[in-house]
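Notes follow once the structure below has been shown.
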Amino acid sequence: MDQIVDFNPEDFDVTVQPGVTRKGLNHFLKDHGLWFPVDPGADASLCGMTATSASGTNAVRYGTMRENVLNTEIVLADGRIFCTAGNGRRSKKSSAGFNSTNLFVGSEGSLGFITKTTLKIYGIPETMVSAVCAFPTVKAAVDVCVQVLQSNIPIARIELMDEVAMEMCNNHNKLDYEVAPTLFLEFHGTEESVKSQAKFAAEIADYNGGSQFRWAYETEERNRLWEARHGIYWTVLQSNPGCRAIVTDVCVPITCLPDLIAQTKSDIQQSGIIGPCLGHVGDGNFHTFLVFNPNKPEEFKKAENLASRMAKRALDLNGTCTGEHGIGIGKMAYLEKEMGPLGIEIMKSIKRTLDPHWLMNPGKIFSSA
Amino acid sequence: MSLRILVGVKRVIDYAVKIRVKPDKSGVITEGVKHSMNPFDEIAIEEAVRMKEKKIAKEIVAFSCGPAQCQETLRTALAMGADRGIHVEVAGPQFDTLQPLHISKMLAQLAKDEQIDLIIVGKQAIDDDCNQTAQMTAALLDWPQATSASKIEAKDGSLQVVREIDGGLETIKVKLPTVVSADLRLNEPRYATLPNIMKAKKKPIKKLTPKDLGVDVSPRIEVVTVEEPPVRLAGAKVENVDMMVEKLKALGHA
């Protein structure tokens with residue numbers, strides 16, 4: 001089941017089976033001047049990305065899977081097959097009945113098995129320019145993010161890496177970026193539009209104490225820049241040989257981000273754990289990789305507690321305990337706090353309706369009790 | 001510098017496709033199979049376009065030889081930034097026996113007819129892996145050649161080219177006019193975008209026959225048989241290292 005089963009370039013939609021990956025689809029689309037911009041980094045299965053409501057660096061401009069799945073074909077726990085938006089339908093919008101498609105997006109395989117997903121595709125931007133800029137504080141970097149968005153600049157990517165991440169990134173990739181909170185930005189559009197977007201953003205950065213603005217225009221330069229960002233997890237592990245890391249993420253309204261990151265970083269520093277903070281500031285979403293030595297259970301405990309306090313902090317700021325990574329088993333306790341008992345009960349009642357024998361991915365998201 | 005660049009682009013089976021041999025063993029299945037521009041030729045086009053953006057080149061002519069569908073490949077080259085295309089139509093059995101020498105002769109004639117200063121082609125095609133066209137074209141024209149280029153710089157009326165060779169990197173200077181073949185690390189090609197694909201529809205593609213270029217494409221080779229590589233045999237498991245050594249000895253490997 002690895003076929004692209006329906007492709008409508010002039011309607012900007014495509015339907016794929018579970019074996020089609022993101023990069024595989026983009027390779028197919030590129031000769032038509034089209035692409036699927038949701039980019040979680042890995043070359044993931046698109047149906048898998050649907051099940052996990054994948055996001056990524058481009059979400060600030062193009063949205064996550066939630067905004068880009070038009071229809072799915074589902075095999076239910078009892079073997080019945082149905083299409084969430086109706087068989088073969090691929091309209092860009094609809095007011096017909098419930099939004100069943102988005103019920104399944106992000107359901108982590110707990111409501112049914114996704115055998116087809118119909119995706120919205122986009123024209124490849126004519127011009128793409130990336131930039132890197134260092135700031136004196138995390139707050140300055142996040143302020144720039146808020147101001148860029150407030151200025152209605154249609155920024156395509158705006159990513160933060162703190163000084164801890166930047167140091168590891170420099171050592172691992174043999175780069176010479178400044179070891180300071182850094183924003184990685186990307187602008188998409190026509191040549192003129194990108195020039196004016198970038199100029200305006202540079203002014204905002206400058207106003208907030210940004211320095212060392214570096215630009216990347218050519219494909220290979222841009223790819224190298226984003227490799228450093230996308231590869232950060234492996235960089236963290238390889239910078240700390242023999243260690244593992246607890247990977248976690250939270251998401252809050254953007255204006256709450258400076259405080260959240262500041263408190264989290266201070267917590268991390270006090271604990272003595274190595275924990276770079278980085279992520280999709282444009283969405284108010286950031287990740288940390290909390291490094292621990294598997295032979296030292298006290299380090300693991302510390303890392304676990306840091307992650308737990310981070311999730312609680314995000315919830316206290318009207319955010320979510322996970323922006324992208326999902327609940328699985330590890331964040332079940334926070335889901336209860338986030339949704340409240342009634343929220344959980346509603347989800348369970350839907351689950352009971354669609355999967356009364358609790359066959360689909362049991363033990364995840366919420367308990368069967 | 002104001003070069004006119006000729007870029008050869010070949011339409012090949014897409015690299016992501018699983019190749020299947022025809023049941024009659026006369027060739028590989030191409031019917032209904034996704035084709036695209038040879039990846040090394042994409043790199044060649046990209047380099048030419050960058051030279052035009054740097055004002056080193058003034059015009060890029062894309063050339064492809066093959067069946068009618070080569071027009072799609074040329075349209076992609078035009079969408080990436082080439083100015084006009086030349087399609088030499090060769091189809092059917094004649095296309096199946098086309099060899100790099102035929103293409104080199106066409107490139108050489110086009111270079112003369114179109115007053116070309118620089119020919120860039122991919123170093124090899126991913127279907128035949130020949131790596132011959134650039135070299136033979138240079139020989140036919142008595143031009144210098146810089147093959148397997150991973151960096152090209154224009155300097156004082158000539159090109160300084162870094163070549164990827166077995167021992168490492170070799171930097172040579174070649175006088176213009178010259179033939180260059182593009183290697184993998186020369187650049188990362190841009191994508192054809194929708195507006196450029198639209199604009200490319202208006203760019204001209206000249207159609208020629210091999211005869212127009214004085215090239216005889218009658219076959220010089222005969223394909224006897226095409227077969228899949230032998231099916232990989234199952235491995236054998238052994239209990240321990242001693243048994244492994246015994247087995248290796250028995251098979252004559254130790």
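We name chains A, B, ... following the order of the structure tokens; residues begin at 1 in each chain, and ligands are numbered from 1 as shown.
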
Could you go through range 140-250 of chain B and tell me which residues DSSP, when run on the backbone, assigns to strand (DSSP E), listing them as a VMD selection string? chain B and resid 145 to 155 158 to 165 168 to 175 178 to 182 205 to 208

Residues of chain B within 6 Å of chain A: nearest atom pair and distance (Å, one decimal) for each, counting only C-alpha atoms, sorted by chain and number, as a tab-separated table?
residue	atom	partner	partner_atom	distance
B:Glu188	CA	A:Glu220	CA	5.4
B:Ala192	CA	A:Gly33	CA	5.2
B:Thr193	CA	A:Gly33	CA	4.3
B:Leu194	CA	A:Gly33	CA	4.9

Test item, alpha helix (DSSP H) assignment across range 17-139 of chain B, answer as a ChimeraX atom specification: /B:39-53,70-80,92-96,100-113,133-139

I'd like the neighbourhood of Ser45 in chain A as a list in words, where a residue qualifies if any of its atoms comes within 10 Å (using only C-alpha atoms), though same-chain residues fewer than 6 positions away should be ignored.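 The contact residues come out as Asp2, Val16, Gln17, Pro18, Gly19, Val20, Thr21, Arg22, Lys23, Gly24, Leu25 and Ala51 of chain A.
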
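Omitting Glu59 in chain B and its sequence neighbours fewer than 2 positions away, and counting only C-alpha atoms, the residues within 9 Å are Ser2, Leu3, Arg4, Ile5, Leu6, Ala48, Lys52, Ala57, Val61, Ala82, Asp83 and Arg84 of chain B.
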
Spatial neighbours of Ala139 in chain B, max dist 12 Å, only C-alpha atoms, sep filter under 6 positions, as number ranges by chain: B: 101, 104-105, 107-108, 132-133, 145, 178-179

Near-range 242-247 of chain A list (8 Å; only C-alpha atoms; drop same-chain fewer than 3 positions) as a ChimeraX atom specification: /A:237,287-294,303-304,307

Those residues with N, CA and C atoms, as a compact mmCIF listing (two decimals), in the first residue's frame please?
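The result, stored in out16.txt:
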# COMPACT_ATOMS: atom_id res chain seq x y z
N LEU A 237 22.71 14.03 21.41
CA LEU A 237 23.16 12.71 21.88
C LEU A 237 24.65 12.53 21.64
N HIS A 287 10.75 22.72 22.38
CA HIS A 287 11.17 21.39 22.82
C HIS A 287 12.37 21.50 23.74
N THR A 288 12.50 20.52 24.63
CA THR A 288 13.82 20.38 25.26
C THR A 288 14.24 18.93 25.16
N PHE A 289 15.54 18.73 25.16
CA PHE A 289 16.10 17.37 25.21
C PHE A 289 16.83 17.29 26.54
N LEU A 290 16.28 16.58 27.49
CA LEU A 290 16.86 16.53 28.84
C LEU A 290 17.78 15.32 28.92
N VAL A 291 19.08 15.61 28.94
CA VAL A 291 20.09 14.56 28.83
C VAL A 291 20.30 13.86 30.16
N PHE A 292 20.37 12.54 30.11
CA PHE A 292 20.67 11.79 31.34
C PHE A 292 21.54 10.60 31.00
N ASN A 293 22.32 10.17 31.97
CA ASN A 293 23.15 8.99 31.83
C ASN A 293 22.29 7.79 32.28
N PRO A 294 22.06 6.83 31.38
CA PRO A 294 21.19 5.71 31.74
C PRO A 294 21.70 4.89 32.92
N ALA A 303 15.59 14.45 35.28
CA ALA A 303 15.12 14.82 33.95
C ALA A 303 13.60 14.66 33.85
N GLU A 304 13.13 13.55 34.39
CA GLU A 304 11.68 13.28 34.39
C GLU A 304 10.92 14.39 35.10
N ALA A 307 10.77 17.60 33.12
CA ALA A 307 9.77 17.51 32.06
C ALA A 307 8.38 17.69 32.64

Taking 6 positions as the minimum chain separation for residues in the same chain, which residues sit within 12 Å of Ile81 in chain A when counting only C-alpha atoms? Answer as a VMD selection string. chain A and resid 72 to 75 87 112 to 116 354

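Each of B:Val121, B:Met51, B:Ala62, B:Val12 was checked against Val33 in chain B using only C-alpha atoms; the smallest atom-to-atom distance is that of B:Val12.
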